[in-house]
Structures are given as C-alpha cells and as structure tokens.
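Engineer: Just passing along the structure, written as structure tokens.
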Amino acid sequence: MFFEKEDLSASILSVLRLEWESRNDKSDHRPFHALSFRLRGNAEMHTADGRTVNFETGDMAFVPANLTYTQIAGNERLLVIHFTCDGEMPFEVQKFTPKNPEYFERKFTDMYNAWSKKQPGYAHECKSIFYKILLEIERQWNQHRLTTANDKLAEAVEYIHEHFTDRDLTVEAMARHCGMSDTYFRKLFLANFSVTP
C-alpha cells in the first residue's frame with residue numbers, strides 16, 4: 001500500500017467534496033495523488049495498463065499522480081484529498097475497504113470542514129487528520145495481512161499433518177505450498193508457534 005513509506009512527507013493541495021449523478025470521463029496526467037472516501041455510489045475505473053478496479057459506498061481509493069484512467073460512475077458523492085509527497089509512490093490504483101467506514105467518513109469530513117473554513121492553523125490540522133487517516137489504514141491493513149498469514153500458517157500445519165511421513169517434506173516445500181519465501185515462512189512460523197518449522 002502507498003502509506004507503507006516510513007518517511008512519507010505529504011503536502012495537502014486541496015480537500016474536495018464531489019458529487020454527480022453519472023460520470024464517464026478520462027483523467028490524464030494529474031500532477032498530484034488522490035485519496036478518496038466514497039460516501040455514496042459506485043465507480044468502475046479502467047487504467048491504461050488494462051486493470052479494472054470497482055469501488056462502492058464506504059471504499060477508499062488511492063490514485064497516484066500521472067495515472068491515465070477512465071472512470072464510469074453513478075450516483076456518486078465522495079470526499080477527496082489531493083496531495084503530493086516526496087519520493088517514489090506506487091504507480092497503481094489501490095482500493096481499501098475499511099472495517100469501520102464511519103471512522104473514515106468522520107475524519108474525511110473533519111478534514112474537509114477544516115480546509116473549507118481556513119481558520120488559523122487549518123493546514124496543520126488537515127495534515128494531522130491526514131496522518132491519522134493513514135495510521136488507521138495501516139493498522140487495518142496490517143491486521144488483514146496478519147489474518148491472511150495466520151490462514152496460511154493453518155494451511156501449513158494441515159499440510160504437515162497430511163505429509164509428516166513423507167521423506168521429501170521440507171521447509172521449502174511447506175513455504176512453497178503457502179506461497180511464501182522460505183525466510184518469511186520460517187520467521188512467521190517461529191513468531192506464531194515459538195518453534196522453528
């Protein structure tokens with residue numbers, strides 16, 4: 001995910017509330033990144049590399065700068081943060097469906113209100129809210145990865161039970177079965193079971 005850069009230093013350019021009944025357009029070479037929260041509606045995005053991403057109410061989207069895409073959307077309302085940041089960012093659309101969309105709706109709305117009112121200190125307030133949004137995305141993303149890893153480890157244990165008499169049962173074979181590198185598999189196994197594979 002885009003937020004995994006530890007030294008992410010962002011500059012907020014704008015915070016917008018967008019709404020339309022239907023939309024079919026092409027975006028070409030925007031010089032900034034966009035992070036959006038979909039309050040209502042759905043959209044289908046087609047990127048120049050042939051990838052299609054579908055978004056629904058409650059979904060968040062990261063769209064990198066300079067990405068060419070077409071979008072078909074209906075009955076849509078969303079809050080969008082346009083920003084730039086230092087260094088390399090992923091060059092692909094990323095979708096995130098939060099467990100608690102109401103939290104993100106509240107944070108995006110707070111950021112939109114602060115940006116719109118432009119009271120003294122609003123830029124710092126917006127940046128603070130932006131980083132809180134990133135923090136919560138990262139927490140949920142890591143929890144999802146941990147759950148996925150635990151599912152993979154459960155597969156590995158089942159594989160061990162089914163093949164423990166096989167002479168060719170190796171850590172490499174178990175890692176391959178789980179779709180992981182040997183190193184990551186060993187680390188994950190040790191962290192979860194306090195014993196090496």
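The chains in the structure tokens are called A, B, ... from first to last as shown; in each chain the residues are counted from 1, and the ligands are counted from 1 in the order shown.
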Fewer than 5 positions away in the same chain doesn't count, so skip those; otherwise give me all residues within 6 Å of His33 of chain A, counting only C-alpha atoms, as a PyMOL selection string.

Structural biologist: chain A and resi 63-65+82-84

Engineer: Limited to all heavy atoms, could you put the picked residues into a file as a PDB file, in the first residue's frame?

Structural biologist:
ATOM      1  N   VAL A  63      -5.219   7.020  -5.834  1.00  0.00           N
ATOM      2  CA  VAL A  63      -4.937   7.127  -7.261  1.00  0.00           C
ATOM      3  C   VAL A  63      -3.655   7.935  -7.389  1.00  0.00           C
ATOM      4  O   VAL A  63      -3.610   9.104  -6.996  1.00  0.00           O
ATOM      5  CB  VAL A  63      -6.095   7.805  -8.026  1.00  0.00           C
ATOM      6  CG1 VAL A  63      -5.765   7.903  -9.501  1.00  0.00           C
ATOM      7  CG2 VAL A  63      -7.401   7.047  -7.804  1.00  0.00           C
ATOM      8  N   PRO A  64      -2.593   7.311  -7.919  1.00  0.00           N
ATOM      9  CA  PRO A  64      -1.306   8.007  -7.993  1.00  0.00           C
ATOM     10  C   PRO A  64      -1.301   9.119  -9.030  1.00  0.00           C
ATOM     11  O   PRO A  64      -2.115   9.134  -9.954  1.00  0.00           O
ATOM     12  CB  PRO A  64      -0.329   6.894  -8.381  1.00  0.00           C
ATOM     13  CG  PRO A  64      -1.161   5.887  -9.085  1.00  0.00           C
ATOM     14  CD  PRO A  64      -2.523   5.953  -8.464  1.00  0.00           C
ATOM     15  N   ALA A  65      -0.376  10.018  -8.862  1.00  0.00           N
ATOM     16  CA  ALA A  65      -0.184  11.113  -9.819  1.00  0.00           C
ATOM     17  C   ALA A  65       0.182  10.548 -11.187  1.00  0.00           C
ATOM     18  O   ALA A  65       0.763   9.477 -11.300  1.00  0.00           O
ATOM     19  CB  ALA A  65       0.929  12.037  -9.324  1.00  0.00           C
ATOM     20  N   HIS A  82      -6.312  15.805  -2.343  1.00  0.00           N
ATOM     21  CA  HIS A  82      -5.256  15.867  -3.347  1.00  0.00           C
ATOM     22  C   HIS A  82      -3.967  16.247  -2.618  1.00  0.00           C
ATOM     23  O   HIS A  82      -3.958  17.201  -1.827  1.00  0.00           O
ATOM     24  CB  HIS A  82      -5.572  16.904  -4.418  1.00  0.00           C
ATOM     25  CG  HIS A  82      -6.724  16.517  -5.273  1.00  0.00           C
ATOM     26  ND1 HIS A  82      -7.544  17.432  -5.878  1.00  0.00           N
ATOM     27  CD2 HIS A  82      -7.221  15.301  -5.635  1.00  0.00           C
ATOM     28  CE1 HIS A  82      -8.485  16.809  -6.580  1.00  0.00           C
ATOM     29  NE2 HIS A  82      -8.304  15.515  -6.442  1.00  0.00           N
ATOM     30  N   PHE A  83      -2.898  15.497  -2.887  1.00  0.00           N
ATOM     31  CA  PHE A  83      -1.651  15.751  -2.177  1.00  0.00           C
ATOM     32  C   PHE A  83      -0.445  15.365  -3.026  1.00  0.00           C
ATOM     33  O   PHE A  83      -0.562  14.624  -4.004  1.00  0.00           O
ATOM     34  CB  PHE A  83      -1.620  14.999  -0.844  1.00  0.00           C
ATOM     35  CG  PHE A  83      -1.601  13.492  -0.959  1.00  0.00           C
ATOM     36  CD1 PHE A  83      -0.406  12.788  -0.824  1.00  0.00           C
ATOM     37  CD2 PHE A  83      -2.763  12.776  -1.198  1.00  0.00           C
ATOM     38  CE1 PHE A  83      -0.382  11.407  -0.927  1.00  0.00           C
ATOM     39  CE2 PHE A  83      -2.751  11.392  -1.296  1.00  0.00           C
ATOM     40  CZ  PHE A  83      -1.555  10.704  -1.171  1.00  0.00           C
ATOM     41  N   THR A  84       0.691  15.882  -2.644  1.00  0.00           N
ATOM     42  CA  THR A  84       1.967  15.481  -3.212  1.00  0.00           C
ATOM     43  C   THR A  84       2.811  14.958  -2.066  1.00  0.00           C
ATOM     44  O   THR A  84       2.524  15.219  -0.897  1.00  0.00           O
ATOM     45  CB  THR A  84       2.699  16.655  -3.897  1.00  0.00           C
ATOM     46  OG1 THR A  84       2.925  17.681  -2.924  1.00  0.00           O
ATOM     47  CG2 THR A  84       1.903  17.211  -5.062  1.00  0.00           C
TER      48      THR A  84
END

Engineer: Please return as a VMD selection string: the residues of chain A that backbone DSSP assigns to helix (DSSP H, G or I).

Structural biologist: chain A and resid 2 to 4 101 to 117 122 to 163 171 to 178 182 to 193

Engineer: Find the residues around Met45 of chain A up to 6 Å (only C-alpha atoms counted), leave out those fewer than 6 positions away in its own chain, and share them as a PyMOL selection string.

Structural biologist: chain A and resi 52-53+70-71

Engineer: Tell me, as an NGL selection string, which residues lie within 12 Å of Leu13 of chain A, counting only C-alpha atoms; anything in the same chain fewer than 6 positions away does not count.

Structural biologist: :A and (31-35 or 80-85 or 112 or 115 or 123 or 126-127 or 130)

Engineer: Find, counting only C-alpha atoms, the residue in A:Phe193, A:Gly41, A:Met60, A:Tyr69 that gets nearest to His29 of chain A.

Structural biologist: A:Tyr69

Engineer: Can you list every residue of segment 110-147 of chain A that has an atom at most 9 Å from segment 93-105 of chain A, with its nearest atom pair and the distance in Å to one decimal, using only C-alpha atoms, ordered by chain then number, as a tab-separated table?

Structural biologist:
residue	atom	partner	partner_atom	distance
A:Asp110	CA	A:Glu105	CA	8.5
A:Ile133	CA	A:Phe104	CA	6.9
A:Glu136	CA	A:Phe104	CA	8.6
A:Ile137	CA	A:Pro98	CA	7.5
A:Gln140	CA	A:Pro98	CA	7.3
A:Trp141	CA	A:Phe96	CA	8.4

Engineer: Please report the interatomic distance between atom CA of Ser194 of chain A and atom CA of Ser181 of chain A in Å with one decimal.

Structural biologist: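 Taking atom CA of Ser194 of chain A as the start and atom CA of Ser181 of chain A as the end point, the length is 18.9 Å.
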
Engineer: Please list as a PyMOL selection string every residue within 6 Å of Gly74 of chain A, counting only C-alpha atoms and excluding residues in the same chain fewer than 3 positions away.

Structural biologist: chain A and resi 21-22+41-42
